[in-house]
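Quick notes on the structure that follows.
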Protein chains: 2
Amino acid sequence: MSLLVVGTVAFDAIETPFGKTDKIIGGAATYISLAASYFTKDISLVSVVGDDFPKESIEMMKKHGVDTAGLQIRQGEKSFFWSGRYHADMNSRDTLATELNVLATFDPVVPESQRECDFLMLGNLMPVVQRKVLEQLKKRPKLIVLDTMNFWMDTAWDELMKTLAMVDVLTINDAEARQLSGEYSLVKAAQKILGMGPKVLIIKKGEHGALLFNKEQVFFAPALPLEDVFDPTGAGDSFAGGFVGYLAETKDISFDNMKRAIIFGSAMASFCVEKFGVERLVGLTQEQVDERVQEFVDLVQFDISLV
Amino acid sequence: MSLLVVGTVAFDAIETPFGKTDKIIGGAATYISLAASYFTKDISLVSVVGDDFPKESIEMMKKHGVDTAGLQIRQGEKSFFWSGRYHADMNSRDTLATELNVLATFDPVVPESQRECDFLMLGNLMPVVQRKVLEQLKKRPKLIVLDTMNFWMDTAWDELMKTLAMVDVLTINDAEARQLSGEYSLVKAAQKILGMGPKVLIIKKGEHGALLFNKEQVFFAPALPLEDVFDPTGAGDSFAGGFVGYLAETKDISFDNMKRAIIFGSAMASFCVEKFGVERLVGLTQEQVDERVQEFVDLVQFDISLV
């Protein structure tokens, strides 16, 4: 089924204990689209870049089956740019620079052909911009997945609440779940957040995996233990992309299928962190993806027969 | 098969954000024995207490099937005492008091009848004391499991290395695995530690679950997401007790059976943290244990068929 991805397409400059990059391509919607492309082919992108964004990178996304008709290219303007440095533990980072550029005035326009999309993934953006996308749709998608971050909880709480009330699945990290709910226990946090609108909540815990909640059930997917996490940038977006891409392809939004989708999302995140930026997400083979998912199966599956 | 448990039997005084206790019974061997008692009945204890240790608590352990012939009761002396205060996150704590008392001169004596035990669990103690137990055995047990802590890495490195070289399974937490190996990546840490003697390593990550490694394989067991962790004291020992108790009962030390054993261990740890001290580990029913294990199955099991 058709998947519409909305979010940033941007430049990043990244420093980790393993090295540093010049400006490389990044942005939530880039990671989401590439990760989703391993599962479903009917993907469209709504975003904005300046005329500094490399045409080859847009071509690369098209080769991954991503329809870029909704990608605005603003002449004479610059793309969104973020620069950050990760600490030794790879769980915390300092932002060195944030240049909004074209993002400051981003007004998303969903192409006519995408206004009846079946699945919608709203990557992290101002909550009011995320809502502008929802308002352009002709029918409610089968599933709306939203990502957001602590910054909007600090600066745009009321707008965030309005947007949250309109979505089906929310993905945030553990610190954000605690901030959003005011509860330290993630179990209690989940129940509060599920009262804000979303029917399903995914709490991302980085190297400690991810939790999937609805009002009655909980499922846990681990992160793959890796020798080295080379660059965590985009891991959460790759996770979301694998998750929603798998759901769009299988057309099944049951909790049981979401369990599978989270494993596929975790597999995409595990690829993402192995190299800088999107490098590892470009040109994977189906066999590589399947092998990686099998590693997750081996990692957690056990056989207990209770009497 | 017979299981010999060696470790502290002691008093604790605990403060958590939920409340505080007077002196209550604790000690690694107490938690290990109680947790193991839900899986196997042939358990013996080697430890030491003063004459201040309550007879009812020793009777309680006997009722759980624990043979206390190897528990030395030193007249006119006091039992080991530890007091600590947990921080709001429940992952860190301050030690308020440590009174070694009888532990300062503990010389373990394994009763003649236990010197051919099949399974041996060495709870956290001075590495040289752990080795004294090994030296009294008439034959090598089928499996030796060792727990230790950062304190011995700081103060008794050479002794710890000698003891490590003699055991089959080591259980430590993630910070200790990093300290022992000098590696931040737990995957790299595990491979280094498996070069020190143990054939199997369990890295306990508290609320983030546990990893089981041998040289070729890795398995992950989550912790159960709980509304509240009331008191984490003894969780690692309850985990170890469930693990080794299950292995002793099933007589199978394959990696696949260790996967199951880790789930049973995690279930016992999840009970332990629900109340102060050993309170929750006393008098559980088989049905309660089975229900809890089923929660772990529901938490992580998924069904993916790869083409």
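Please note that chains go A, B, ... in the order of the structure tokens, that every chain numbers its residues from 1, and that ligands are numbered from 1 in the order shown.
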* What are the residues of chain A that have an atom within 6 Å of an atom of chain B, counting only C-alpha atoms, as number ranges by chain? -> A: 185, 187-188, 219-220, 227, 299-300
Given the selection you just returned, output its residues as a file containing C-alpha atoms, formatted as a PDB file, in the first residue's frame.
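So the final result, stored in part_14.pdb, reads:
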ATOM      1  CA  SER A 185       8.289   4.140  35.167  1.00  0.00           C
ATOM      2  CA  VAL A 187       4.948   1.262  32.056  1.00  0.00           C
ATOM      3  CA  LYS A 188       3.140   4.127  33.775  1.00  0.00           C
ATOM      4  CA  PHE A 219       6.277  -6.270  23.428  1.00  0.00           C
ATOM      5  CA  PHE A 220      10.018  -5.828  23.657  1.00  0.00           C
ATOM      6  CA  GLU A 227      31.056  -4.750  18.245  1.00  0.00           C
ATOM      7  CA  LEU A 299      19.105 -13.399  19.699  1.00  0.00           C
ATOM      8  CA  VAL A 300      15.753 -13.632  21.463  1.00  0.00           C
TER       9      VAL A 300
END
* Neighbour list for B:Arg131 as a VMD selection string, cut-off 10 Å, only C-alpha atoms, skip fewer than 5 positions in-chain -> chain B and resid 108 122 125 to 126 136 159 to 160 162 to 164 166 to 167
Restricting the output to N, CA and C atoms, write the selected residues as a short mmCIF file (atom, residue, chain, number, x, y, z; two decimals), in the first residue's frame.
data_model
loop_
_atom_site.label_atom_id
_atom_site.label_comp_id
_atom_site.auth_asym_id
_atom_site.auth_seq_id
_atom_site.Cartn_x
_atom_site.Cartn_y
_atom_site.Cartn_z
N PRO B 108 35.12 -21.05 54.71
CA PRO B 108 34.02 -21.95 54.34
C PRO B 108 34.41 -23.42 54.52
N LEU B 122 28.81 -20.05 43.23
CA LEU B 122 29.63 -19.24 44.13
C LEU B 122 29.14 -17.80 44.08
N LEU B 125 31.86 -13.09 46.84
CA LEU B 125 32.69 -13.19 48.05
C LEU B 125 34.12 -12.86 47.63
N MET B 126 35.03 -12.74 48.60
CA MET B 126 36.45 -12.60 48.25
C MET B 126 36.85 -13.75 47.33
N GLN B 136 37.98 -27.82 48.20
CA GLN B 136 37.46 -28.87 49.08
C GLN B 136 36.65 -29.93 48.34
N GLU B 159 44.00 -12.48 42.50
CA GLU B 159 43.20 -13.56 43.08
C GLU B 159 41.96 -13.82 42.23
N LEU B 160 41.34 -12.74 41.76
CA LEU B 160 40.14 -12.88 40.93
C LEU B 160 40.48 -13.63 39.64
N LYS B 162 42.82 -15.83 39.13
CA LYS B 162 43.02 -17.25 39.44
C LYS B 162 41.68 -17.97 39.60
N THR B 163 40.74 -17.31 40.27
CA THR B 163 39.43 -17.93 40.50
C THR B 163 38.65 -18.03 39.19
N LEU B 164 38.70 -16.95 38.41
CA LEU B 164 37.98 -16.93 37.12
C LEU B 164 38.41 -18.08 36.22
N MET B 166 38.97 -20.95 36.88
CA MET B 166 38.50 -22.25 37.33
C MET B 166 37.00 -22.46 37.14
N VAL B 167 36.28 -21.45 36.61
CA VAL B 167 34.82 -21.57 36.58
C VAL B 167 34.28 -21.70 35.15
#
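Note that atom CA of B:Thr30 and atom CA of B:Ile202 are 20.4 Å apart.
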* To do: Go ahead and compute the interatomic distance for atom CA of A:Gly242 and atom CA of A:Met268, in Å to one decimal.
  =>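 Atom-to-atom, atom CA of A:Gly242 to atom CA of A:Met268, that is 6.0 Å.
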* Pick out the closest residue to A:Leu194 from this set: A:Phe119, A:Phe213, A:Phe239, A:Phe271. Count only C-alpha atoms. => A:Phe213
* To do: Apply DSSP to the backbone of this structure and, from stretch 23-165 of chain B, keep only the residues in alpha helix (DSSP H); write these as a PyMOL selection string.
  => chain B and resi 28-36+55-63+127-136+150-155+157-164
Expected file: the selected residues, N, CA and C atoms, as a short mmCIF file (atom, residue, chain, number, x, y, z; two decimals), in the first residue's frame:
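Saved to result.cif:
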data_model
loop_
_atom_site.label_atom_id
_atom_site.label_comp_id
_atom_site.auth_asym_id
_atom_site.auth_seq_id
_atom_site.Cartn_x
_atom_site.Cartn_y
_atom_site.Cartn_z
N ALA B 28 23.69 -12.68 49.50
CA ALA B 28 23.63 -13.31 48.18
C ALA B 28 23.11 -14.74 48.24
N ALA B 29 23.63 -15.53 49.18
CA ALA B 29 23.28 -16.95 49.22
C ALA B 29 21.82 -17.15 49.62
N THR B 30 21.29 -16.20 50.38
CA THR B 30 19.86 -16.28 50.77
C THR B 30 18.98 -16.13 49.53
N TYR B 31 19.24 -15.08 48.75
CA TYR B 31 18.47 -14.86 47.52
C TYR B 31 18.66 -16.01 46.53
N ILE B 32 19.91 -16.43 46.36
CA ILE B 32 20.19 -17.50 45.39
C ILE B 32 19.44 -18.77 45.76
N SER B 33 19.54 -19.16 47.05
CA SER B 33 18.91 -20.41 47.49
C SER B 33 17.40 -20.36 47.35
N LEU B 34 16.81 -19.25 47.79
CA LEU B 34 15.35 -19.14 47.70
C LEU B 34 14.89 -19.19 46.25
N ALA B 35 15.56 -18.45 45.37
CA ALA B 35 15.15 -18.44 43.97
C ALA B 35 15.32 -19.82 43.35
N ALA B 36 16.44 -20.48 43.67
CA ALA B 36 16.69 -21.81 43.10
C ALA B 36 15.68 -22.83 43.60
N LYS B 55 16.48 -17.53 64.06
CA LYS B 55 16.28 -18.97 63.81
C LYS B 55 15.11 -19.19 62.85
N GLU B 56 14.10 -18.32 62.92
CA GLU B 56 12.93 -18.48 62.03
C GLU B 56 13.34 -18.35 60.57
N SER B 57 14.34 -17.50 60.32
CA SER B 57 14.75 -17.32 58.92
C SER B 57 15.48 -18.56 58.42
N ILE B 58 16.24 -19.19 59.32
CA ILE B 58 16.91 -20.45 58.93
C ILE B 58 15.85 -21.53 58.70
N GLU B 59 14.83 -21.54 59.57
CA GLU B 59 13.73 -22.50 59.39
C GLU B 59 13.01 -22.25 58.06
N MET B 60 12.82 -20.97 57.75
CA MET B 60 12.16 -20.62 56.47
C MET B 60 12.94 -21.19 55.30
N MET B 61 14.27 -21.07 55.36
CA MET B 61 15.08 -21.62 54.26
C MET B 61 14.96 -23.14 54.20
N LYS B 62 14.94 -23.78 55.38
CA LYS B 62 14.77 -25.25 55.40
C LYS B 62 13.44 -25.64 54.77
N LYS B 63 12.40 -24.85 55.07
CA LYS B 63 11.08 -25.14 54.48
C LYS B 63 11.13 -25.04 52.95
N PRO B 127 37.53 -13.47 46.23
CA PRO B 127 37.89 -14.54 45.29
C PRO B 127 38.68 -15.67 45.96
N VAL B 128 39.49 -15.34 46.95
CA VAL B 128 40.29 -16.39 47.60
C VAL B 128 39.38 -17.31 48.42
N VAL B 129 38.33 -16.78 48.98
CA VAL B 129 37.36 -17.60 49.73
C VAL B 129 36.57 -18.49 48.77
N GLN B 130 36.21 -17.93 47.61
CA GLN B 130 35.51 -18.74 46.60
C GLN B 130 36.39 -19.92 46.20
N ARG B 131 37.70 -19.68 46.08
CA ARG B 131 38.60 -20.76 45.65
C ARG B 131 38.76 -21.83 46.73
N LYS B 132 38.70 -21.40 47.99
CA LYS B 132 38.79 -22.38 49.09
C LYS B 132 37.69 -23.42 49.00
N VAL B 133 36.53 -23.00 48.49
CA VAL B 133 35.42 -23.95 48.31
C VAL B 133 35.79 -24.95 47.23
N LEU B 134 36.29 -24.45 46.12
CA LEU B 134 36.65 -25.32 45.00
C LEU B 134 37.68 -26.37 45.43
N GLU B 135 38.59 -25.95 46.30
CA GLU B 135 39.67 -26.86 46.72
C GLU B 135 39.19 -27.98 47.62
N GLN B 136 37.98 -27.82 48.20
CA GLN B 136 37.46 -28.87 49.08
C GLN B 136 36.65 -29.93 48.34
N ASN B 150 32.82 -5.38 41.12
CA ASN B 150 33.89 -4.41 40.86
C ASN B 150 34.87 -4.29 42.03
N PHE B 151 34.40 -4.41 43.27
CA PHE B 151 35.27 -4.24 44.44
C PHE B 151 36.49 -5.17 44.36
N TRP B 152 36.28 -6.41 43.91
CA TRP B 152 37.39 -7.37 43.82
C TRP B 152 38.29 -7.06 42.63
N MET B 153 37.73 -6.45 41.61
CA MET B 153 38.56 -6.02 40.47
C MET B 153 39.51 -4.90 40.93
N ASP B 154 39.02 -4.07 41.84
CA ASP B 154 39.83 -2.96 42.36
C ASP B 154 40.89 -3.43 43.36
N THR B 155 40.53 -4.45 44.16
CA THR B 155 41.38 -4.75 45.33
C THR B 155 42.03 -6.13 45.30
N TRP B 157 42.76 -8.19 42.13
CA TRP B 157 42.78 -8.56 40.72
C TRP B 157 43.41 -9.94 40.47
N ASP B 158 44.60 -10.16 41.05
CA ASP B 158 45.31 -11.42 40.75
C ASP B 158 44.54 -12.63 41.29
N GLU B 159 44.00 -12.48 42.50
CA GLU B 159 43.20 -13.56 43.08
C GLU B 159 41.96 -13.82 42.23
N LEU B 160 41.34 -12.74 41.76
CA LEU B 160 40.14 -12.88 40.93
C LEU B 160 40.48 -13.63 39.64
N MET B 161 41.61 -13.29 39.03
CA MET B 161 42.00 -13.97 37.79
C MET B 161 42.18 -15.47 38.01
N LYS B 162 42.82 -15.83 39.13
CA LYS B 162 43.02 -17.25 39.44
C LYS B 162 41.68 -17.97 39.60
N THR B 163 40.74 -17.31 40.27
CA THR B 163 39.43 -17.93 40.50
C THR B 163 38.65 -18.03 39.19
N LEU B 164 38.70 -16.95 38.41
CA LEU B 164 37.98 -16.93 37.12
C LEU B 164 38.41 -18.08 36.22
#
* A:Glu116, A:Glu216, A:Glu279, A:Glu249 ranked by distance to A:Thr233, top pick (using only C-alpha atoms) ->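 The answer is A:Glu279, which sits nearest to A:Thr233.
Near B:Phe106, within a cut-off of 12 Å and counting only C-alpha atoms, sit the residues Val6, Gly7, Thr8, Val9, Val46, Ser47, Val48, Val49, Gly50, Leu71, Gln72, Ile73, Arg74, Glu77, Ser79, Phe80, Leu100, Asn101, Val102, Leu125, Met126, Val128, Val129, Gln130, Lys132 and Val133 of chain B, with same-chain residues fewer than 4 positions away left out.
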* Asked: Rounded to one decimal in Å, what is the spacing between atom CA of A:Asp94 and atom CA of A:Ile24?
  ->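 A separation of 17.8 Å between them.
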* DSSP-assigned strand (DSSP E) members of stretch 203-299 of chain A, reported as number ranges by chain -> A: 203-204, 210-213, 218-221
Take the residues that were just selected and, keeping C-alpha atoms, output them as an mmCIF file, in the first residue's frame.
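And here's part19.cif as it stands now:
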data_model
loop_
_atom_site.group_PDB
_atom_site.id
_atom_site.type_symbol
_atom_site.label_atom_id
_atom_site.label_comp_id
_atom_site.auth_asym_id
_atom_site.auth_seq_id
_atom_site.Cartn_x
_atom_site.Cartn_y
_atom_site.Cartn_z
ATOM 1 C CA ILE A 203 9.531 3.771 23.244
ATOM 2 C CA LYS A 204 13.014 3.653 21.706
ATOM 3 C CA ALA A 210 12.483 -0.754 22.004
ATOM 4 C CA LEU A 211 9.141 -1.302 23.735
ATOM 5 C CA LEU A 212 5.803 -1.507 21.913
ATOM 6 C CA PHE A 213 2.694 -0.748 23.963
ATOM 7 C CA VAL A 218 3.551 -4.906 25.690
ATOM 8 C CA PHE A 219 6.277 -6.270 23.428
ATOM 9 C CA PHE A 220 10.018 -5.828 23.657
ATOM 10 C CA ALA A 221 12.549 -5.906 20.811
#
* Which residue, A:Phe255, A:Tyr86, A:Phe276, A:Tyr246, has the smallest gap to A:Thr16 when you use only C-alpha atoms? ->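 Smallest separation from A:Thr16 among the options: A:Tyr86.
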* Asked: Using only C-alpha atoms, which of B:Lys142, B:Lys199, B:Lys192, B:Lys275 sits nearest B:Lys251?
  -> B:Lys142
